[in-house]
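Shown here: input37.cif, mmCIF, C-alpha atoms.
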data_coords
loop_
_atom_site.label_atom_id
_atom_site.label_comp_id
_atom_site.auth_asym_id
_atom_site.auth_seq_id
_atom_site.Cartn_x
_atom_site.Cartn_y
_atom_site.Cartn_z
CA MET I 1 12.46 -13.32 -17.40
CA SER I 2 11.70 -11.10 -14.42
CA THR I 3 8.17 -11.30 -13.09
CA ILE I 4 8.20 -7.63 -12.06
CA SER I 5 9.51 -4.39 -13.49
CA VAL I 6 10.80 -1.33 -11.68
CA ARG I 7 11.08 2.13 -13.18
CA THR I 8 11.46 5.63 -11.84
CA HIS I 9 9.59 8.84 -12.60
CA ALA I 10 11.43 11.73 -10.91
CA ARG I 11 11.33 10.74 -7.20
CA VAL I 12 8.62 8.12 -7.73
CA THR I 13 9.37 4.39 -8.01
CA ILE I 14 6.84 2.35 -10.00
CA VAL I 15 6.81 -1.39 -9.31
CA THR I 16 4.69 -3.44 -11.72
CA ILE I 17 3.80 -7.13 -11.52
CA GLU I 18 4.48 -8.50 -15.02
CA ARG I 19 2.47 -11.72 -15.19
CA PRO I 20 -0.59 -10.71 -17.24
CA GLU I 21 -1.04 -14.27 -18.53
CA CYS I 22 -2.26 -15.25 -15.03
CA ARG I 23 -3.72 -11.86 -14.06
CA ASN I 24 -0.54 -11.12 -12.12
CA ALA I 25 -0.96 -13.95 -9.63
CA VAL I 26 2.06 -14.13 -7.35
CA ASP I 27 4.27 -17.20 -7.25
CA LEU I 28 7.33 -17.61 -5.03
CA ALA I 29 9.73 -15.87 -7.44
CA THR I 30 7.37 -12.92 -7.81
CA ALA I 31 6.89 -12.61 -4.06
CA GLN I 32 10.65 -12.57 -3.56
CA ALA I 33 11.10 -10.00 -6.33
CA LEU I 34 8.41 -7.72 -4.88
CA LEU I 35 10.00 -7.83 -1.45
CA ALA I 36 13.43 -7.01 -2.88
CA ALA I 37 12.05 -4.16 -4.98
CA PHE I 38 10.34 -2.46 -2.05
CA LYS I 39 13.35 -2.90 0.21
CA ALA I 40 15.45 -1.21 -2.47
CA PHE I 41 12.90 1.60 -2.74
CA ASP I 42 12.95 2.16 1.01
CA ALA I 43 16.75 2.36 1.03
CA ASP I 44 16.97 4.70 -1.98
CA PRO I 45 17.59 8.31 -0.90
CA GLU I 46 16.45 9.52 -4.32
CA ALA I 47 12.97 7.95 -4.01
CA ASP I 48 10.14 9.37 -1.89
CA VAL I 49 6.98 7.51 -2.95
CA ALA I 50 6.33 4.15 -4.62
CA ILE I 51 3.45 2.89 -6.75
CA LEU I 52 2.41 -0.75 -7.03
CA ALA I 53 0.61 -1.72 -10.24
CA GLY I 54 -0.12 -4.75 -12.38
CA ALA I 55 0.41 -5.27 -16.10
CA GLY I 56 -2.26 -6.02 -18.69
CA GLY I 57 -5.31 -4.49 -17.04
CA ALA I 58 -5.18 -6.51 -13.81
CA PHE I 59 -3.74 -5.51 -10.45
CA CYS I 60 -3.28 -8.96 -8.89
CA ALA I 61 -5.45 -12.09 -8.71
CA GLY I 62 -3.75 -13.28 -5.53
CA ALA I 63 -1.44 -16.19 -4.93
CA ASP I 64 -0.64 -18.42 -7.89
CA LEU I 65 -2.83 -21.42 -7.03
CA ARG I 66 -1.61 -23.37 -10.06
CA ALA I 67 1.93 -23.16 -8.71
CA LEU I 68 0.63 -24.24 -5.29
CA ALA I 69 -1.23 -27.19 -6.81
CA GLU I 70 1.94 -28.21 -8.64
CA GLY I 71 3.90 -28.34 -5.40
CA GLU I 72 5.37 -24.88 -4.90
CA ARG I 73 5.43 -23.88 -1.24
CA LYS I 74 5.89 -20.45 0.37
CA PRO I 75 6.76 -20.09 4.05
CA ILE I 76 3.86 -18.76 6.12
CA GLU I 77 5.80 -18.32 9.35
CA PRO I 78 7.95 -15.17 9.43
CA VAL I 79 11.23 -15.54 7.55
CA GLY I 80 12.81 -12.13 7.92
CA ASP I 81 10.47 -9.67 6.21
CA PHE I 82 9.11 -12.19 3.70
CA ALA I 83 5.38 -12.86 3.46
CA PRO I 84 3.58 -15.21 1.03
CA MET I 85 2.64 -12.27 -1.23
CA GLY I 86 6.07 -10.70 -0.77
CA PRO I 87 6.20 -7.35 1.03
CA THR I 88 2.98 -7.37 3.07
CA ARG I 89 4.77 -7.72 6.43
CA LEU I 90 7.37 -5.11 5.49
CA ARG I 91 6.99 -1.77 7.28
CA LEU I 92 8.37 0.93 5.01
CA GLY I 93 9.48 4.40 6.02
CA LYS I 94 7.87 5.92 2.91
CA PRO I 95 4.39 5.69 1.37
CA VAL I 96 3.15 3.35 -1.35
CA ILE I 97 0.13 3.93 -3.60
CA ALA I 98 -1.77 1.07 -5.25
CA ALA I 99 -2.84 1.74 -8.86
CA ILE I 100 -5.68 -0.77 -9.26
CA GLU I 101 -7.12 -1.83 -12.61
CA GLY I 102 -9.24 -4.97 -12.92
CA PRO I 103 -9.07 -7.54 -10.13
CA ALA I 104 -7.35 -6.91 -6.80
CA VAL I 105 -8.62 -10.05 -5.14
CA ALA I 106 -7.57 -12.62 -2.54
CA GLY I 107 -3.88 -12.04 -1.83
CA GLY I 108 -3.99 -9.25 -4.42
CA MET I 109 -6.44 -7.44 -2.18
CA GLU I 110 -4.05 -7.98 0.72
CA LEU I 111 -1.31 -6.36 -1.35
CA ALA I 112 -3.60 -3.39 -1.98
CA LEU I 113 -4.43 -3.15 1.74
CA TRP I 114 -0.69 -3.03 2.50
CA CYS I 115 -0.41 0.15 0.44
CA ASP I 116 -1.05 3.52 2.08
CA LEU I 117 -3.46 4.77 -0.58
CA ARG I 118 -5.51 3.03 -3.28
CA ILE I 119 -6.59 4.47 -6.64
CA ALA I 120 -8.99 2.29 -8.63
CA GLY I 121 -10.29 2.25 -12.18
CA ARG I 122 -14.08 2.15 -12.51
CA SER I 123 -14.12 -1.52 -13.53
CA ALA I 124 -11.80 -2.62 -10.73
CA VAL I 125 -13.08 -5.34 -8.42
CA MET I 126 -11.88 -6.32 -4.97
CA GLY I 127 -12.82 -9.26 -2.79
CA ILE I 128 -11.67 -12.15 -0.63
CA PHE I 129 -12.10 -14.59 -3.53
CA ASN I 130 -9.84 -17.14 -1.82
CA ARG I 131 -12.82 -17.88 0.45
CA ARG I 132 -14.21 -20.25 -2.18
CA PHE I 133 -10.99 -22.28 -2.41
CA GLY I 134 -10.12 -22.70 1.27
CA VAL I 135 -7.06 -20.45 1.05
CA PRO I 136 -6.46 -18.45 4.27
CA LEU I 137 -5.58 -14.80 4.62
CA VAL I 138 -1.97 -14.82 5.82
CA ASP I 139 -0.75 -11.45 4.47
CA LEU I 140 -2.35 -9.38 7.26
CA GLY I 141 -5.70 -9.08 5.51
CA THR I 142 -7.60 -9.99 8.68
CA ILE I 143 -5.77 -7.18 10.48
CA ARG I 144 -5.70 -4.39 7.91
CA LEU I 145 -9.19 -4.79 6.42
CA PRO I 146 -11.13 -4.08 9.67
CA ARG I 147 -8.86 -1.12 10.39
CA ILE I 148 -9.76 0.36 7.01
CA VAL I 149 -13.48 -0.43 6.68
CA GLY I 150 -14.53 -1.37 10.23
CA GLU I 151 -15.04 -4.77 11.82
CA GLY I 152 -18.64 -5.33 10.73
CA ARG I 153 -17.97 -4.74 7.05
CA ALA I 154 -14.68 -6.62 7.20
CA LEU I 155 -16.43 -9.67 8.66
CA GLU I 156 -19.01 -9.62 5.88
CA LEU I 157 -16.37 -9.37 3.16
CA ILE I 158 -14.16 -12.04 4.73
CA LEU I 159 -17.00 -14.49 5.46
CA THR I 160 -18.84 -14.14 2.14
CA GLY I 161 -15.89 -13.56 -0.18
CA ARG I 162 -18.18 -11.47 -2.39
CA ALA I 163 -17.01 -9.07 -5.07
CA VAL I 164 -16.76 -5.37 -4.26
CA ALA I 165 -17.08 -3.01 -7.22
CA ALA I 166 -15.11 0.23 -7.34
CA ASP I 167 -18.04 2.50 -6.45
CA GLU I 168 -18.81 0.48 -3.32
CA ALA I 169 -15.12 0.27 -2.46
CA LEU I 170 -14.98 4.07 -2.56
CA ARG I 171 -18.12 4.42 -0.45
CA ILE I 172 -16.82 2.17 2.33
CA GLY I 173 -13.29 3.59 2.31
CA LEU I 174 -11.64 0.55 0.77
CA VAL I 175 -10.22 2.77 -1.98
CA ASN I 176 -9.45 6.47 -1.81
CA GLU I 177 -10.40 7.50 -5.32
CA VAL I 178 -12.02 6.07 -8.46
CA VAL I 179 -10.94 7.18 -11.94
CA ASP I 180 -11.77 6.20 -15.51
CA ASP I 181 -10.55 2.77 -16.56
CA GLY I 182 -6.92 2.89 -17.61
CA GLY I 183 -6.28 6.02 -15.57
CA ALA I 184 -5.29 4.57 -12.20
CA LEU I 185 -1.55 4.63 -12.81
CA ALA I 186 -1.56 8.18 -14.19
CA ARG I 187 -3.59 9.43 -11.22
CA ALA I 188 -1.40 7.52 -8.76
CA THR I 189 1.68 9.07 -10.38
CA ALA I 190 0.21 12.57 -10.07
CA LEU I 191 -0.71 11.94 -6.43
CA ALA I 192 2.77 10.56 -5.75
CA ALA I 193 4.31 13.71 -7.25
CA GLN I 194 2.15 15.80 -4.92
CA LEU I 195 3.40 13.83 -1.91
CA CYS I 196 7.00 14.13 -3.12
CA ALA I 197 6.65 17.93 -3.19
CA PHE I 198 5.96 18.13 0.56
CA PRO I 199 8.69 18.39 3.21
CA GLN I 200 9.53 14.74 3.69
CA THR I 201 10.63 14.55 7.34
CA ALA I 202 7.27 15.73 8.69
CA LEU I 203 5.34 13.58 6.20
CA ARG I 204 7.26 10.42 7.06
CA ASN I 205 7.28 10.98 10.81
CA ASP I 206 3.54 11.71 10.94
CA ARG I 207 2.91 8.59 8.86
CA ARG I 208 5.15 6.57 11.16
CA SER I 209 3.33 7.82 14.27
CA LEU I 210 -0.02 6.81 12.77
CA MET I 211 1.16 3.32 11.88
CA GLU I 212 2.99 2.59 15.12
CA GLN I 213 0.16 3.72 17.41
CA TRP I 214 -1.82 0.55 16.68
CA SER I 215 0.52 -1.52 18.83
CA LEU I 216 0.84 1.05 21.66
CA GLY I 217 -1.26 2.10 24.62
CA GLU I 218 -2.60 5.66 24.65
CA ALA I 219 0.17 7.11 26.81
CA GLU I 220 2.84 5.38 24.73
CA ALA I 221 1.24 6.56 21.49
CA ILE I 222 1.17 10.16 22.73
CA ALA I 223 4.81 9.95 23.80
CA ARG I 224 5.72 8.47 20.41
CA GLU I 225 3.94 11.26 18.52
CA ILE I 226 5.76 13.88 20.60
CA LYS I 227 9.13 12.18 20.08
CA LEU I 228 8.66 12.05 16.31
CA GLY I 229 7.35 15.62 16.28
CA ARG I 230 10.47 16.79 18.11
CA ALA I 231 12.62 14.96 15.57
CA THR I 232 10.86 16.79 12.74
CA ILE I 233 11.37 20.16 14.44
CA ALA I 234 15.03 19.35 15.14
CA SER I 235 15.58 18.62 11.44
CA GLY I 236 15.03 22.30 10.64
CA GLU I 237 12.11 21.52 8.35
CA THR I 238 9.52 23.21 10.57
CA LEU I 239 11.46 26.47 10.88
CA ALA I 240 12.10 26.52 7.14
CA GLY I 241 8.39 26.01 6.48
CA SER I 242 7.46 28.75 8.94
CA LYS I 243 9.74 31.16 7.13
CA ARG I 244 8.14 30.25 3.79
CA PHE I 245 4.72 30.88 5.31
CA SER I 246 5.88 34.24 6.70
CA ASP I 247 7.16 35.17 3.25
CA GLY I 248 3.70 34.58 1.75
CA ALA I 249 3.55 30.88 0.81
CA GLY I 250 0.05 29.48 1.24
CA ARG I 251 -1.60 32.87 1.01
CA HIS I 252 -5.37 32.79 0.28
CA GLY I 253 -5.43 29.05 0.94
CA ALA I 254 -2.96 28.07 -1.77
CA PHE I 255 -1.79 24.51 -1.18
CA GLY I 256 1.64 23.41 -2.26
#
Produce structure tokens that represent the structure in this file.
Amino acid sequence: MSTISVRTHARVTIVTIERPECRNAVDLATAQALLAAFKAFDADPEADVAILAGAGGAFCAGADLRALAEGERKPIEPVGDFAPMGPTRLRLGKPVIAAIEGPAVAGGMELALWCDLRIAGRSAVMGIFNRRFGVPLVDLGTIRLPRIVGEGRALELILTGRAVAADEALRIGLVNEVVDDGGALARATALAAQLCAFPQTALRNDRRSLMEQWSLGEAEAIAREIKLGRATIASGETLAGSKRFSDGAGRHGAFG
């Protein structure tokens, strides 16, 4: 039986971890399936945005420590795009939204940090719970967390491993929005549809410029932004949008 499911909703791909019996903890097979699913999404010309969710009221409780204790091993060193939690070292050309219900902890939190945006139910909880079991962060959690919440807060969360409730996660920028329990997937789907409605070349190139600037010096980052901006203009998307604006789109602040 597959440990994940993949379904489509218009131009949205919804990937769900299907291991509710262990709060969607990720074993080797699940990690491999997640990586394959997101590679397929990235290559699909009919898909613009993906959502990552978990079945049974949990997002993901991290790596499957029972499988680890029983002898299963995942490679930590880079093997292609594979990471212990699956896709967390994969750089996609299109955005992913995390729909978080229940725990998104340990490696599950690293999966959520990999996503571009995070929508959480009110009872969701995040945290570096692997701190208590001596399990390291090897899915870029030590890199992404400080970039999202700042170094001081990231150090506190990583060193203490404490739980972060949804309201605090929203306050510190760890999640983008909090909704009623059970509503994270519906809200993520609505947000994904909004992103799908935008001209995609500009959206993807601006996203790419933001992500790639972390590894560049200032001059290189500026040159990269200009290069990607020129590519967007050359696609014809900018001129088409200008004509729509001239014809009255966006009048009185209308968005969309």
Which of I:Pro103, I:Gly93, I:Gly150, I:Gly161 sits closest to I:Asp206 [using only C-alpha atoms]: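 Counting only C-alpha atoms, the residue closest to I:Asp206 is I:Gly93.
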Selected residue of minimal separation from I:Ile51 among I:Met126, I:Ile158, I:Ala190, I:Ala63, counting all atoms listed in the file: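 Of I:Met126, I:Ile158, I:Ala190, I:Ala63, the one nearest I:Ile51, counting all atoms listed in the file, is I:Ala190.
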Which of I:Ala99, I:Ala223, I:Ala47, I:Leu174 sits closest to I:Arg147 [using all atoms listed in the file]: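 The answer is I:Leu174, which sits nearest to I:Arg147.
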From I:Val149, I:Leu195, I:Ala254, I:Ala231, residue lying nearest I:Arg11 [only C-alpha atoms]: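 Under the stated criterion, the closest residue is I:Leu195.
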Expansion of the PyMOL selection byres ((chain I and resi 164) around 12) into residues, as a PyMOL selection string: chain I and resi 102-106+109+120+122-129+153-154+156-158+160-163+165-175
Computed interatomic separation between atom CA of I:Arg66 and atom CA of I:Val26 (Å):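 Atom-to-atom, atom CA of I:Arg66 and atom CA of I:Val26 are spaced 10.3 Å apart.
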Selection result for the PyMOL selection byres ((chain I and resi 5) around 9) on this file, as an MDAnalysis selection string: chainID I and resid 2:4 6:7 14:18 37
One-decimal distance in Å that lies between atom CA of I:Gly182 and atom CA of I:Ala197: 24.9 Å
Residue contacts of I:Asp44 (12 Å, all atoms listed in the file) excluding same-chain residues fewer than 2 positions away, as a list in words: Thr8, Arg11, Val12, Thr13, Ala37, Phe38, Lys39, Ala40, Phe41, Asp42, Glu46, Ala47, Asp48, Val49, Ala50, Leu92, Gly93 and Lys94 of chain I
